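What's in input-v4.cif: mmCIF, C-alpha atoms
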```cif
data_data
loop_
_atom_site.label_atom_id
_atom_site.label_comp_id
_atom_site.auth_asym_id
_atom_site.auth_seq_id
_atom_site.Cartn_x
_atom_site.Cartn_y
_atom_site.Cartn_z
CA MET L 466 0.00 0.00 0.00
CA SER L 467 1.45 3.36 -0.99
CA THR L 468 1.46 6.37 1.33
CA LYS L 469 -1.66 7.54 -0.47
CA THR L 470 -4.43 5.01 -0.06
CA ARG L 471 -7.62 4.74 -2.05
CA ILE L 472 -10.34 4.47 0.58
CA ALA L 473 -14.05 3.84 0.07
CA VAL L 474 -16.08 5.08 3.04
CA LEU L 475 -19.43 3.32 2.87
CA GLY L 476 -22.07 5.19 4.82
CA GLY L 477 -19.97 8.29 4.35
CA THR L 478 -23.08 10.39 4.66
CA GLY L 479 -23.43 9.45 8.36
CA ASN L 480 -21.65 11.13 11.23
CA LEU L 481 -18.73 8.73 11.67
CA GLY L 482 -18.24 8.08 7.96
CA HIS L 483 -18.27 11.78 7.12
CA ALA L 484 -15.79 12.54 9.90
CA LEU L 485 -13.39 9.73 8.90
CA ALA L 486 -13.60 10.79 5.25
CA TRP L 487 -12.68 14.31 6.37
CA ARG L 488 -9.63 13.12 8.30
CA TRP L 489 -8.37 10.91 5.49
CA ALA L 490 -8.98 13.44 2.73
CA ARG L 491 -7.19 16.04 4.81
CA ALA L 492 -4.24 13.64 5.15
CA GLY L 493 -4.01 13.38 1.36
CA HIS L 494 -5.69 10.03 0.77
CA ASP L 495 -7.88 9.33 -2.22
CA VAL L 496 -11.35 9.11 -0.65
CA ILE L 497 -14.56 7.89 -2.25
CA ILE L 498 -17.79 8.39 -0.33
CA GLY L 499 -20.20 5.51 -0.80
CA SER L 500 -23.91 5.56 -0.13
CA ARG L 501 -27.04 3.79 -1.35
CA THR L 502 -27.16 6.20 -4.26
CA LYS L 503 -24.43 8.23 -5.90
CA GLU L 504 -26.56 11.35 -5.42
CA GLY L 505 -26.64 10.91 -1.65
CA ALA L 506 -22.92 10.39 -1.56
CA GLN L 507 -22.29 13.39 -3.81
CA ALA L 508 -23.75 15.85 -1.29
CA ALA L 509 -21.32 14.62 1.37
CA ALA L 510 -18.41 14.70 -1.08
CA ASP L 511 -19.29 18.27 -2.14
CA ASP L 512 -19.37 19.32 1.49
CA LEU L 513 -15.94 17.83 2.15
CA ASN L 514 -14.43 19.25 -1.02
CA LYS L 515 -15.68 22.70 -0.11
CA ARG L 516 -14.05 22.41 3.29
CA LEU L 517 -10.82 21.08 1.76
CA GLY L 518 -10.75 23.76 -0.94
CA ARG L 519 -10.06 21.17 -3.64
CA GLU L 520 -11.86 18.40 -5.49
CA ALA L 521 -10.33 15.52 -3.56
CA VAL L 522 -13.33 13.44 -2.56
CA ARG L 523 -15.45 11.52 -5.03
CA ALA L 524 -18.87 9.91 -4.72
CA ALA L 525 -20.38 6.61 -5.82
CA ASP L 526 -22.98 4.07 -4.84
CA ASN L 527 -21.60 1.57 -2.32
CA PRO L 528 -20.67 -1.29 -4.69
CA THR L 529 -19.06 1.03 -7.24
CA ALA L 530 -17.09 2.77 -4.48
CA CYS L 531 -15.52 -0.57 -3.54
CA GLU L 532 -14.42 -1.50 -7.06
CA SER L 533 -11.19 0.46 -7.16
CA ALA L 534 -10.61 0.85 -3.42
CA GLU L 535 -7.67 -0.64 -1.55
CA VAL L 536 -9.44 -0.11 1.76
CA VAL L 537 -13.20 -0.31 2.30
CA VAL L 538 -14.63 1.23 5.47
CA LEU L 539 -18.05 0.22 6.69
CA THR L 540 -19.78 2.97 8.71
CA VAL L 541 -23.44 2.10 8.36
CA PRO L 542 -26.01 1.52 11.13
CA PHE L 543 -26.20 -2.05 12.42
CA ALA L 544 -29.68 -2.41 10.93
CA ALA L 545 -28.18 -1.91 7.44
CA HIS L 546 -24.91 -3.74 8.08
CA ALA L 547 -25.64 -7.18 6.61
CA ALA L 548 -27.53 -5.82 3.59
CA VAL L 549 -24.74 -3.42 2.65
CA LEU L 550 -22.16 -6.19 2.99
CA GLU L 551 -24.18 -8.47 0.72
CA SER L 552 -24.48 -5.64 -1.81
CA ILE L 553 -20.73 -5.06 -1.98
CA LYS L 554 -19.61 -8.68 -1.70
CA PRO L 555 -19.41 -9.15 -5.50
CA LYS L 556 -16.95 -6.23 -5.59
CA LEU L 557 -14.65 -7.56 -2.87
CA SER L 558 -11.42 -9.16 -4.00
CA GLY L 559 -8.90 -9.01 -1.21
CA GLN L 560 -9.36 -5.44 -0.01
CA VAL L 561 -8.86 -4.51 3.62
CA LEU L 562 -12.33 -4.04 5.11
CA ILE L 563 -12.45 -1.79 8.17
CA ASP L 564 -15.63 -2.52 10.11
CA THR L 565 -16.67 0.26 12.50
CA THR L 566 -20.11 -1.21 13.16
CA VAL L 567 -21.49 -1.16 16.69
CA PRO L 568 -24.47 -3.47 17.18
CA LEU L 569 -26.70 -0.80 18.69
CA ARG L 570 -30.39 -1.61 18.87
CA PRO L 571 -32.33 1.63 19.30
CA PRO L 572 -33.77 2.89 21.50
CA ARG L 573 -31.58 1.17 24.16
CA VAL L 574 -28.27 2.32 22.69
CA ALA L 575 -26.64 2.89 26.09
CA VAL L 576 -26.97 -0.80 26.98
CA ALA L 577 -24.64 -3.34 25.38
CA GLN L 578 -26.55 -5.92 23.35
CA LEU L 579 -23.96 -7.91 21.46
CA PRO L 580 -25.19 -10.35 18.80
CA GLU L 581 -25.07 -14.08 19.45
CA GLU L 582 -22.21 -14.34 16.95
CA GLY L 583 -20.13 -12.42 19.52
CA SER L 584 -19.68 -9.13 17.70
CA ALA L 585 -20.74 -7.26 14.59
CA ALA L 586 -17.21 -7.76 13.25
CA GLU L 587 -17.57 -11.53 13.40
CA ILE L 588 -20.85 -11.30 11.48
CA THR L 589 -18.97 -9.27 8.88
CA GLN L 590 -16.29 -11.94 8.67
CA GLN L 591 -18.94 -14.63 8.22
CA ILE L 592 -20.59 -12.70 5.39
CA VAL L 593 -17.48 -11.76 3.41
CA GLY L 594 -15.50 -14.95 4.05
CA ASP L 595 -12.09 -14.76 2.41
CA LYS L 596 -13.09 -12.04 -0.05
CA ALA L 597 -11.74 -9.28 2.21
CA GLN L 598 -9.34 -8.87 5.13
CA VAL L 599 -11.64 -7.84 7.98
CA VAL L 600 -10.33 -5.52 10.68
CA ALA L 601 -12.49 -3.80 13.31
CA ALA L 602 -11.71 -0.28 14.53
CA PHE L 603 -13.01 3.22 15.33
CA HIS L 604 -15.93 2.12 17.55
CA ASN L 605 -14.89 4.39 20.40
CA ALA L 606 -13.92 7.62 18.66
CA ALA L 607 -16.43 10.46 18.94
CA ALA L 608 -17.53 11.47 15.43
CA SER L 609 -18.06 15.03 16.67
CA LEU L 610 -14.38 15.25 17.63
CA LEU L 611 -13.15 13.57 14.43
CA GLU L 612 -15.14 16.14 12.51
CA GLY L 613 -12.83 18.79 13.97
CA ASP L 614 -9.15 19.46 13.34
CA ASP L 615 -7.40 18.41 16.54
CA ASP L 616 -5.81 15.11 17.46
CA LEU L 617 -8.04 13.04 19.71
CA ASP L 618 -7.35 11.93 23.27
CA CYS L 619 -8.62 8.52 22.22
CA ASP L 620 -7.03 5.19 21.37
CA ILE L 621 -8.41 2.97 18.65
CA LEU L 622 -8.56 -0.74 19.46
CA VAL L 623 -7.59 -2.52 16.24
CA THR L 624 -8.65 -6.15 16.04
CA ALA L 625 -8.19 -8.68 13.23
CA ASP L 626 -7.41 -12.35 13.11
CA ASP L 627 -3.93 -11.77 11.72
CA ILE L 628 -1.36 -9.21 12.69
CA ALA L 629 -0.71 -8.25 9.06
CA THR L 630 -4.23 -6.88 8.71
CA ARG L 631 -3.91 -4.93 11.96
CA ARG L 632 -0.65 -3.48 10.66
CA ALA L 633 -2.25 -2.62 7.33
CA ILE L 634 -4.43 0.08 8.92
CA LYS L 635 -2.01 1.37 11.55
CA LYS L 636 -1.01 4.42 9.48
CA LEU L 637 -4.62 5.12 8.53
CA VAL L 638 -5.58 5.22 12.20
CA GLU L 639 -2.70 7.58 12.93
CA ASP L 640 -3.85 9.78 10.05
CA THR L 641 -7.16 10.31 11.86
CA GLY L 642 -5.35 11.78 14.88
CA CYS L 643 -5.88 8.76 17.12
CA ARG L 644 -3.45 6.17 18.45
CA PRO L 645 -3.86 2.62 17.11
CA ILE L 646 -3.61 -0.20 19.65
CA ASN L 647 -3.03 -3.80 18.59
CA ALA L 648 -5.86 -5.39 20.56
CA GLY L 649 -5.70 -8.92 19.20
CA LYS L 650 -8.12 -11.23 17.44
CA LEU L 651 -11.28 -10.03 15.71
CA ALA L 652 -13.40 -11.53 18.51
CA ASN L 653 -11.97 -8.83 20.78
CA SER L 654 -14.04 -6.36 18.79
CA ALA L 655 -16.72 -7.37 21.32
CA ALA L 656 -14.82 -5.17 23.78
CA SER L 657 -14.88 -2.00 21.71
CA GLU L 658 -18.41 -2.65 20.46
CA ALA L 659 -19.82 -3.13 23.98
CA LEU L 660 -17.72 -0.25 25.23
CA THR L 661 -19.50 2.07 22.83
CA SER L 662 -22.75 1.60 24.77
CA ALA L 663 -20.89 2.32 28.00
CA LEU L 664 -19.42 5.47 26.45
CA ILE L 665 -22.86 6.57 25.26
CA HIS L 666 -24.05 6.18 28.85
CA ILE L 667 -21.00 8.06 30.11
CA ASN L 668 -21.50 10.88 27.59
CA LYS L 669 -25.05 11.34 28.79
CA THR L 670 -24.27 11.01 32.50
CA TYR L 671 -21.17 13.21 32.52
CA LYS L 672 -22.17 15.48 29.62
CA ALA L 673 -18.89 14.54 27.95
CA HIS L 674 -17.41 13.46 24.62
CA SER L 675 -15.70 10.46 26.13
CA GLY L 676 -13.16 8.10 24.64
CA ILE L 677 -10.66 5.58 25.94
CA LYS L 678 -6.92 5.41 26.44
CA ILE L 679 -4.99 2.25 27.11
CA THR L 680 -2.63 3.02 29.98
CA GLY L 681 0.77 1.43 30.54
CA VAL L 682 1.51 1.28 26.81
CA GLN L 683 4.21 3.67 25.61
CA THR L 684 5.44 1.95 22.48
CA ASP L 685 4.00 1.72 18.98
CA PHE L 686 2.85 -1.60 17.69
CA ASN L 687 4.63 -3.09 14.72
CA MET A 994 -22.85 2.16 55.03
CA SER A 995 -20.31 3.60 57.47
CA THR A 996 -16.88 4.77 56.42
CA LYS A 997 -15.56 1.43 57.56
CA THR A 998 -17.16 -1.35 55.58
CA ARG A 999 -17.20 -5.07 56.36
CA ILE A 1000 -16.06 -6.71 53.14
CA ALA A 1001 -15.92 -10.42 52.35
CA VAL A 1002 -13.44 -11.11 49.54
CA LEU A 1003 -14.33 -14.53 48.14
CA GLY A 1004 -11.43 -16.06 46.28
CA GLY A 1005 -9.16 -13.86 48.34
CA THR A 1006 -6.37 -16.37 47.92
CA GLY A 1007 -6.15 -15.54 44.19
CA ASN A 1008 -4.20 -12.66 42.68
CA LEU A 1009 -7.00 -10.12 42.29
CA GLY A 1010 -8.76 -11.03 45.54
CA HIS A 1011 -5.55 -10.85 47.54
CA ALA A 1012 -4.66 -7.49 46.02
CA LEU A 1013 -8.11 -5.98 46.63
CA ALA A 1014 -8.10 -7.29 50.20
CA TRP A 1015 -4.74 -5.58 50.65
CA ARG A 1016 -6.02 -2.24 49.38
CA TRP A 1017 -9.16 -2.33 51.50
CA ALA A 1018 -7.44 -3.50 54.66
CA ARG A 1019 -4.86 -0.77 54.19
CA ALA A 1020 -7.70 1.77 53.89
CA GLY A 1021 -9.06 0.64 57.26
CA HIS A 1022 -11.94 -1.57 56.19
CA ASP A 1023 -12.91 -4.74 57.99
CA VAL A 1024 -11.84 -7.46 55.55
CA ILE A 1025 -12.67 -11.15 55.66
CA ILE A 1026 -10.90 -13.43 53.21
CA GLY A 1027 -13.15 -16.21 51.95
CA SER A 1028 -12.01 -19.43 50.34
CA ARG A 1029 -13.27 -22.98 49.93
CA THR A 1030 -11.81 -23.79 53.34
CA LYS A 1031 -11.03 -21.53 56.24
CA GLU A 1032 -7.50 -22.93 56.30
CA GLY A 1033 -6.83 -21.77 52.74
CA ALA A 1034 -8.18 -18.34 53.54
CA GLN A 1035 -6.16 -18.14 56.76
CA ALA A 1036 -2.83 -18.30 54.93
CA ALA A 1037 -3.80 -15.30 52.81
CA ALA A 1038 -5.10 -13.42 55.86
CA ASP A 1039 -1.87 -14.13 57.76
CA ASP A 1040 0.15 -12.83 54.86
CA LEU A 1041 -1.86 -9.60 54.72
CA ASN A 1042 -1.79 -9.09 58.48
CA LYS A 1043 1.98 -9.48 58.47
CA ARG A 1044 2.25 -6.84 55.81
CA LEU A 1045 -0.17 -4.53 57.64
CA GLY A 1046 1.55 -5.05 60.98
CA ARG A 1047 -1.77 -5.67 62.70
CA GLU A 1048 -4.44 -8.36 62.92
CA ALA A 1049 -6.94 -6.64 60.65
CA VAL A 1050 -7.89 -9.37 58.18
CA ARG A 1051 -9.86 -12.44 59.14
CA ALA A 1052 -10.46 -15.74 57.36
CA ALA A 1053 -13.47 -17.96 56.79
CA ASP A 1054 -14.95 -20.38 54.31
CA ASN A 1055 -16.91 -18.57 51.59
CA PRO A 1056 -20.44 -18.89 53.00
CA THR A 1057 -19.38 -17.97 56.52
CA ALA A 1058 -17.45 -14.95 55.19
CA CYS A 1059 -20.68 -13.63 53.67
CA GLU A 1060 -22.78 -13.93 56.80
CA SER A 1061 -21.76 -10.71 58.46
CA ALA A 1062 -20.49 -8.83 55.42
CA GLU A 1063 -22.05 -5.65 54.06
CA VAL A 1064 -20.22 -6.08 50.78
CA VAL A 1065 -19.34 -9.42 49.17
CA VAL A 1066 -16.69 -9.45 46.46
CA LEU A 1067 -16.47 -12.36 44.05
CA THR A 1068 -12.94 -12.89 42.69
CA VAL A 1069 -12.97 -16.55 41.68
CA PRO A 1070 -12.14 -18.05 38.27
CA PHE A 1071 -15.05 -18.26 35.84
CA ALA A 1072 -14.98 -22.04 36.08
CA ALA A 1073 -15.85 -21.79 39.79
CA HIS A 1074 -18.14 -18.77 39.52
CA ALA A 1075 -21.57 -20.41 39.45
CA ALA A 1076 -20.71 -23.02 42.09
CA VAL A 1077 -19.40 -20.44 44.55
CA LEU A 1078 -22.50 -18.29 44.02
CA GLU A 1079 -24.76 -21.26 44.70
CA SER A 1080 -22.77 -22.04 47.85
CA ILE A 1081 -23.17 -18.51 49.26
CA LYS A 1082 -26.72 -17.87 48.07
CA PRO A 1083 -28.27 -19.05 51.37
CA LYS A 1084 -26.18 -16.40 53.15
CA LEU A 1085 -27.21 -13.52 50.93
CA SER A 1086 -29.78 -11.11 52.31
CA GLY A 1087 -29.44 -7.79 50.54
CA GLN A 1088 -25.67 -7.32 50.56
CA VAL A 1089 -23.92 -5.49 47.77
CA LEU A 1090 -22.23 -8.15 45.62
CA ILE A 1091 -19.27 -6.90 43.60
CA ASP A 1092 -18.63 -9.29 40.73
CA THR A 1093 -15.14 -9.08 39.25
CA THR A 1094 -15.50 -12.23 37.18
CA VAL A 1095 -14.15 -12.30 33.66
CA PRO A 1096 -15.45 -15.21 31.58
CA LEU A 1097 -12.02 -16.41 30.52
CA ARG A 1098 -11.83 -19.88 29.03
CA PRO A 1099 -8.24 -21.11 29.20
CA PRO A 1100 -6.12 -21.52 27.25
CA ARG A 1101 -7.49 -18.82 24.92
CA VAL A 1102 -7.61 -16.10 27.55
CA ALA A 1103 -6.51 -13.33 25.15
CA VAL A 1104 -9.61 -13.83 23.00
CA ALA A 1105 -12.99 -12.56 24.22
CA GLN A 1106 -15.50 -15.36 24.64
CA LEU A 1107 -18.51 -13.86 26.37
CA PRO A 1108 -21.23 -16.26 27.56
CA GLU A 1109 -24.54 -16.42 25.73
CA GLU A 1110 -26.15 -14.64 28.68
CA GLY A 1111 -24.16 -11.56 27.63
CA SER A 1112 -21.71 -11.33 30.51
CA ALA A 1113 -20.60 -13.14 33.64
CA ALA A 1114 -22.27 -10.39 35.66
CA GLU A 1115 -25.65 -11.16 34.15
CA ILE A 1116 -25.19 -14.84 35.03
CA THR A 1117 -24.49 -13.72 38.58
CA GLN A 1118 -27.67 -11.66 38.60
CA GLN A 1119 -29.66 -14.64 37.35
CA ILE A 1120 -28.26 -16.88 40.09
CA VAL A 1121 -28.69 -14.55 43.05
CA GLY A 1122 -31.94 -12.91 41.94
CA ASP A 1123 -33.02 -10.29 44.43
CA LYS A 1124 -30.94 -11.70 47.28
CA ALA A 1125 -28.07 -9.28 46.59
CA GLN A 1126 -27.44 -6.00 44.78
CA VAL A 1127 -25.14 -7.02 41.94
CA VAL A 1128 -22.53 -4.58 40.68
CA ALA A 1129 -19.68 -5.44 38.31
CA ALA A 1130 -16.27 -3.82 38.63
CA PHE A 1131 -12.47 -4.29 38.73
CA HIS A 1132 -12.16 -6.40 35.56
CA ASN A 1133 -9.51 -4.15 34.05
CA ALA A 1134 -7.22 -3.41 37.00
CA ALA A 1135 -3.90 -5.26 37.01
CA ALA A 1136 -3.67 -7.35 40.20
CA SER A 1137 0.10 -6.94 40.16
CA LEU A 1138 -0.31 -3.15 40.41
CA LEU A 1139 -3.05 -3.33 43.04
CA GLU A 1140 -0.72 -5.51 45.08
CA GLY A 1141 1.61 -2.51 45.34
CA ASP A 1142 1.18 0.79 47.17
CA ASP A 1143 0.67 3.38 44.43
CA ASP A 1144 -2.52 4.73 42.92
CA LEU A 1145 -3.28 3.14 39.56
CA ASP A 1146 -3.47 4.87 36.20
CA CYS A 1147 -6.64 2.87 35.61
CA ASP A 1148 -10.35 3.61 35.68
CA ILE A 1149 -12.86 1.09 36.96
CA LEU A 1150 -16.04 0.73 34.94
CA VAL A 1151 -18.83 0.29 37.49
CA THR A 1152 -22.02 -1.25 36.13
CA ALA A 1153 -25.26 -2.13 37.90
CA ASP A 1154 -28.90 -1.93 36.97
CA ASP A 1155 -29.57 0.89 39.39
CA ILE A 1156 -27.53 3.97 40.13
CA ALA A 1157 -27.82 3.47 43.89
CA THR A 1158 -25.81 0.24 43.67
CA ARG A 1159 -23.15 1.91 41.54
CA ARG A 1160 -22.95 4.70 44.10
CA ALA A 1161 -22.69 2.17 46.93
CA ILE A 1162 -19.21 1.07 45.82
CA LYS A 1163 -17.85 4.40 44.60
CA LYS A 1164 -15.84 5.03 47.76
CA LEU A 1165 -14.60 1.42 47.85
CA VAL A 1166 -13.25 1.80 44.32
CA GLU A 1167 -11.52 5.06 45.28
CA ASP A 1168 -10.01 3.29 48.28
CA THR A 1169 -8.23 0.91 45.91
CA GLY A 1170 -6.43 3.82 44.22
CA CYS A 1171 -8.51 3.70 41.04
CA ARG A 1172 -11.12 6.08 39.64
CA PRO A 1173 -14.70 4.76 39.51
CA ILE A 1174 -16.66 5.47 36.34
CA ASN A 1175 -20.45 5.18 36.21
CA ALA A 1176 -20.70 2.98 33.11
CA GLY A 1177 -24.39 2.19 33.16
CA LYS A 1178 -26.47 -0.96 33.28
CA LEU A 1179 -25.10 -4.34 34.36
CA ALA A 1180 -25.21 -5.54 30.74
CA ASN A 1181 -22.39 -3.07 30.03
CA SER A 1182 -20.17 -5.34 32.07
CA ALA A 1183 -19.77 -7.10 28.70
CA ALA A 1184 -17.48 -4.21 27.79
CA SER A 1185 -15.09 -4.55 30.71
CA GLU A 1186 -15.21 -8.34 30.62
CA ALA A 1187 -14.34 -8.51 26.91
CA LEU A 1188 -11.80 -5.74 27.36
CA THR A 1189 -9.89 -7.92 29.81
CA SER A 1190 -9.03 -10.33 27.00
CA ALA A 1191 -7.89 -7.40 24.86
CA LEU A 1192 -5.74 -6.14 27.74
CA ILE A 1193 -4.22 -9.62 28.21
CA HIS A 1194 -3.31 -9.53 24.53
CA ILE A 1195 -1.93 -6.02 24.90
CA ASN A 1196 0.11 -6.97 27.98
CA LYS A 1197 1.73 -9.79 26.06
CA THR A 1198 2.28 -7.85 22.85
CA TYR A 1199 3.57 -4.65 24.44
CA LYS A 1200 5.12 -6.27 27.54
CA ALA A 1201 2.99 -3.93 29.66
CA HIS A 1202 0.70 -3.83 32.67
CA SER A 1203 -2.07 -2.13 30.78
CA GLY A 1204 -5.28 -0.59 32.01
CA ILE A 1205 -7.85 1.84 30.69
CA LYS A 1206 -8.76 5.46 31.23
CA ILE A 1207 -11.96 7.08 30.09
CA THR A 1208 -11.01 10.36 28.45
CA GLY A 1209 -13.13 13.50 28.34
CA VAL A 1210 -14.49 12.89 31.85
CA GLN A 1211 -13.25 15.30 34.50
CA THR A 1212 -16.03 15.14 37.08
CA ASP A 1213 -16.87 12.58 39.72
CA PHE A 1214 -20.05 10.62 39.42
CA ASN A 1215 -22.69 11.03 42.06
#
```

Kindly present the structure from the file in structure tokens form.
Amino acid sequence: MSTKTRIAVLGGTGNLGHALAWRWARAGHDVIIGSRTKEGAQAAADDLNKRLGREAVRAADNPTACESAEVVVLTVPFAAHAAVLESIKPKLSGQVLIDTTVPLRPPRVAVAQLPEEGSAAEITQQIVGDKAQVVAAFHNAAASLLEGDDDLDCDILVTADDIATRRAIKKLVEDTGCRPINAGKLANSAASEALTSALIHINKTYKAHSGIKITGVQTDFN
Amino acid sequence: MSTKTRIAVLGGTGNLGHALAWRWARAGHDVIIGSRTKEGAQAAADDLNKRLGREAVRAADNPTACESAEVVVLTVPFAAHAAVLESIKPKLSGQVLIDTTVPLRPPRVAVAQLPEEGSAAEITQQIVGDKAQVVAAFHNAAASLLEGDDDLDCDILVTADDIATRRAIKKLVEDTGCRPINAGKLANSAASEALTSALIHINKTYKAHSGIKITGVQTDFN
């Protein structure tokens, strides 16, 4: 993967997708916003391009966005998660697939309700099989903070079944202004997914934009 | 609950139980170590009393330890969790029950494997019913650090179905040298339980004694 990565952000019209697209476009990556329709995606791309002051972000429907991408990022609500994956599956051929999905079931979003498969990330892995390299990340970063310009006081737990896939997105996490943490196997995505409900509760209780830091870790992972 | 609390630490011969008993005895609480036999518990109590320089910690078998306790703390391996709860259930009559259990399934302890009930804490709640006020905490604190004298750079996610039960252990968490965080309903214990496997992975990978901090939260909970 070159320094400049071609990234498809599916669900890039939502809060987290829009904010991640902003961070990566700002860092010089080649970003394609994906949505159900190209028109929906175009509005988000226009907004980002205006902010960037250059035509750096493109728009496409979700499957088309995946075609030429090296990295596909899934930022859709849990209710749409499986359907979007099925829709892009024909376009997957070895890309890195970053799953940010938290299995929230409105209205009780502040209470962890993990799926029986263990985590949303494991459902993703079951759906895409060996057609993509699944890595889970970004569950615990506040979209409202990513939408800004400052580095975040938040670590990103990066989980994937092999270390190579975790390494593959290390730089992309750093480019968002967060610290990547090698947090082990994909099943450990259950931790960051459940933690999101706890953070939602904390945000409400403490009137905060909370995040997490792993303490006792000074070194980079490699 | 008075400033001095009578605390039964079940599994107080293990690493986490021993370390918590140390912190609470040091803070002036009335600590009873529980174990399968009084003799096993006595060795741990003797060790702590020697370190304290006074006879402050007592020993009992698990059910007896619960009889006079205001707070019961469960620090046994997941494999023994249900059996110990059944053994103490006849002695429960409204105590606060702090469950520290992480559903680890050796040898794959660095991979989250939550039970189908959602979390160990929810199993605890199912077993004890309304005979105790269940609160989950201390999953993410390193026993090796708690065994020392310094405050920890680690937050404790405190989860219980009602805020009163979370509040009931706030001071006890502070007395261990950690910061308590109101993390919502008991089901959110899934987050701290799964996170323990991630932290075990992180400890191995980074050669660290890792913990977590919730960022963006400056105020105490009340």

Next item on the list: Compile the contact shell of range 1017-1033 of chain A as a VMD selection string: residues with an atom at most 7 Å away, counting all atoms listed in the file, same-chain residues fewer than 4 positions apart removed.
Entry: chain A and resid 997 to 1006 1013 1038 1045 1049 to 1055 1058 1168 to 1169

Output C-alpha atoms for every residue in that selection, as a compact mmCIF listing (two decimals), keeping the file's coordinate frame.
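part_37.txt was written with the following content:
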```txt
# COMPACT_ATOMS: atom_id res chain seq x y z
CA LYS A 997 -15.56 1.43 57.56
CA THR A 998 -17.16 -1.35 55.58
CA ARG A 999 -17.20 -5.07 56.36
CA ILE A 1000 -16.06 -6.71 53.14
CA ALA A 1001 -15.92 -10.42 52.35
CA VAL A 1002 -13.44 -11.11 49.54
CA LEU A 1003 -14.33 -14.53 48.14
CA GLY A 1004 -11.43 -16.06 46.28
CA GLY A 1005 -9.16 -13.86 48.34
CA THR A 1006 -6.37 -16.37 47.92
CA LEU A 1013 -8.11 -5.98 46.63
CA ALA A 1038 -5.10 -13.42 55.86
CA LEU A 1045 -0.17 -4.53 57.64
CA ALA A 1049 -6.94 -6.64 60.65
CA VAL A 1050 -7.89 -9.37 58.18
CA ARG A 1051 -9.86 -12.44 59.14
CA ALA A 1052 -10.46 -15.74 57.36
CA ALA A 1053 -13.47 -17.96 56.79
CA ASP A 1054 -14.95 -20.38 54.31
CA ASN A 1055 -16.91 -18.57 51.59
CA ALA A 1058 -17.45 -14.95 55.19
CA ASP A 1168 -10.01 3.29 48.28
CA THR A 1169 -8.23 0.91 45.91
```

Margin query: I'd like to see the residues matched by the PyMOL selection byres ((chain A and resi 1137) around 10) on this file, and ideally I'd get them as a PyMOL selection string.
Written below: chain A and resi 1008-1009+1012+1134-1136+1138-1141+1202

Using all atoms listed in the file and a distance of at most 6 Å, pull out the residues of chain A that contact chain L, as an mmCIF file with C-alpha atoms, keeping the file's coordinate frame.
```cif
data_model
loop_
_atom_site.group_PDB
_atom_site.id
_atom_site.type_symbol
_atom_site.label_atom_id
_atom_site.label_comp_id
_atom_site.auth_asym_id
_atom_site.auth_seq_id
_atom_site.Cartn_x
_atom_site.Cartn_y
_atom_site.Cartn_z
ATOM 1 C CA VAL A 1104 -9.610 -13.830 23.000
ATOM 2 C CA ALA A 1105 -12.990 -12.560 24.220
ATOM 3 C CA ALA A 1176 -20.700 2.980 33.110
ATOM 4 C CA GLY A 1177 -24.390 2.190 33.160
ATOM 5 C CA ALA A 1180 -25.210 -5.540 30.740
ATOM 6 C CA ASN A 1181 -22.390 -3.070 30.030
ATOM 7 C CA ALA A 1184 -17.480 -4.210 27.790
ATOM 8 C CA ALA A 1187 -14.340 -8.510 26.910
ATOM 9 C CA LEU A 1188 -11.800 -5.740 27.360
ATOM 10 C CA ALA A 1191 -7.890 -7.400 24.860
ATOM 11 C CA HIS A 1194 -3.310 -9.530 24.530
ATOM 12 C CA ILE A 1195 -1.930 -6.020 24.900
ATOM 13 C CA ALA A 1201 2.990 -3.930 29.660
ATOM 14 C CA HIS A 1202 0.700 -3.830 32.670
ATOM 15 C CA SER A 1203 -2.070 -2.130 30.780
ATOM 16 C CA GLY A 1204 -5.280 -0.590 32.010
ATOM 17 C CA ILE A 1205 -7.850 1.840 30.690
ATOM 18 C CA LYS A 1206 -8.760 5.460 31.230
ATOM 19 C CA ILE A 1207 -11.960 7.080 30.090
ATOM 20 C CA THR A 1208 -11.010 10.360 28.450
ATOM 21 C CA GLY A 1209 -13.130 13.500 28.340
#
```

Item checked: Residue members of the PyMOL selection byres ((chain L and resi 598) around 8) in the file shown, as number ranges by chain -> L: 559-562, 595-597, 599-600, 630

Note to self: Around (-28.3, 1.0, 16.3), as given in the file, which residues come within 6 Å? Count only C-alpha atoms and list them as JSON, numbers by chain.
What the structure shows: {"L": [542, 543, 568, 569, 570, 571]}

Restricting the output to C-alpha atoms, write the selected residues as a PDB file, in the coordinates of the input.
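Contents of the output file again.pdb:
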```
ATOM      1  CA  PRO L 542     -26.010   1.520  11.130  1.00  0.00           C
ATOM      2  CA  PHE L 543     -26.200  -2.050  12.420  1.00  0.00           C
ATOM      3  CA  PRO L 568     -24.470  -3.470  17.180  1.00  0.00           C
ATOM      4  CA  LEU L 569     -26.700  -0.800  18.690  1.00  0.00           C
ATOM      5  CA  ARG L 570     -30.390  -1.610  18.870  1.00  0.00           C
ATOM      6  CA  PRO L 571     -32.330   1.630  19.300  1.00  0.00           C
TER       7      PRO L 571
END
```

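When CA of Lys556 in chain L is paired with CA of Cys531 in chain L, their separation reads 6.2 Å.
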
Next item on the list: Quick one: pull the distance between CA of Arg1047 in chain A and CA of Val1077 in chain A, Å, one decimal.
Entry: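 Taking CA of Arg1047 in chain A as the start and CA of Val1077 in chain A as the end point, the length is 29.3 Å.
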
Using only the atoms of range 600-608 of chain L listed in the file, plus 6 Å on each side, state the axis-aligned box centre and edge lengths in Å rounded to one decimal, as JSON.
```
{"center_x": -13.9, "center_y": 3.0, "center_z": 15.5, "size_x": 19.2, "size_y": 29.0, "size_z": 21.7}
```
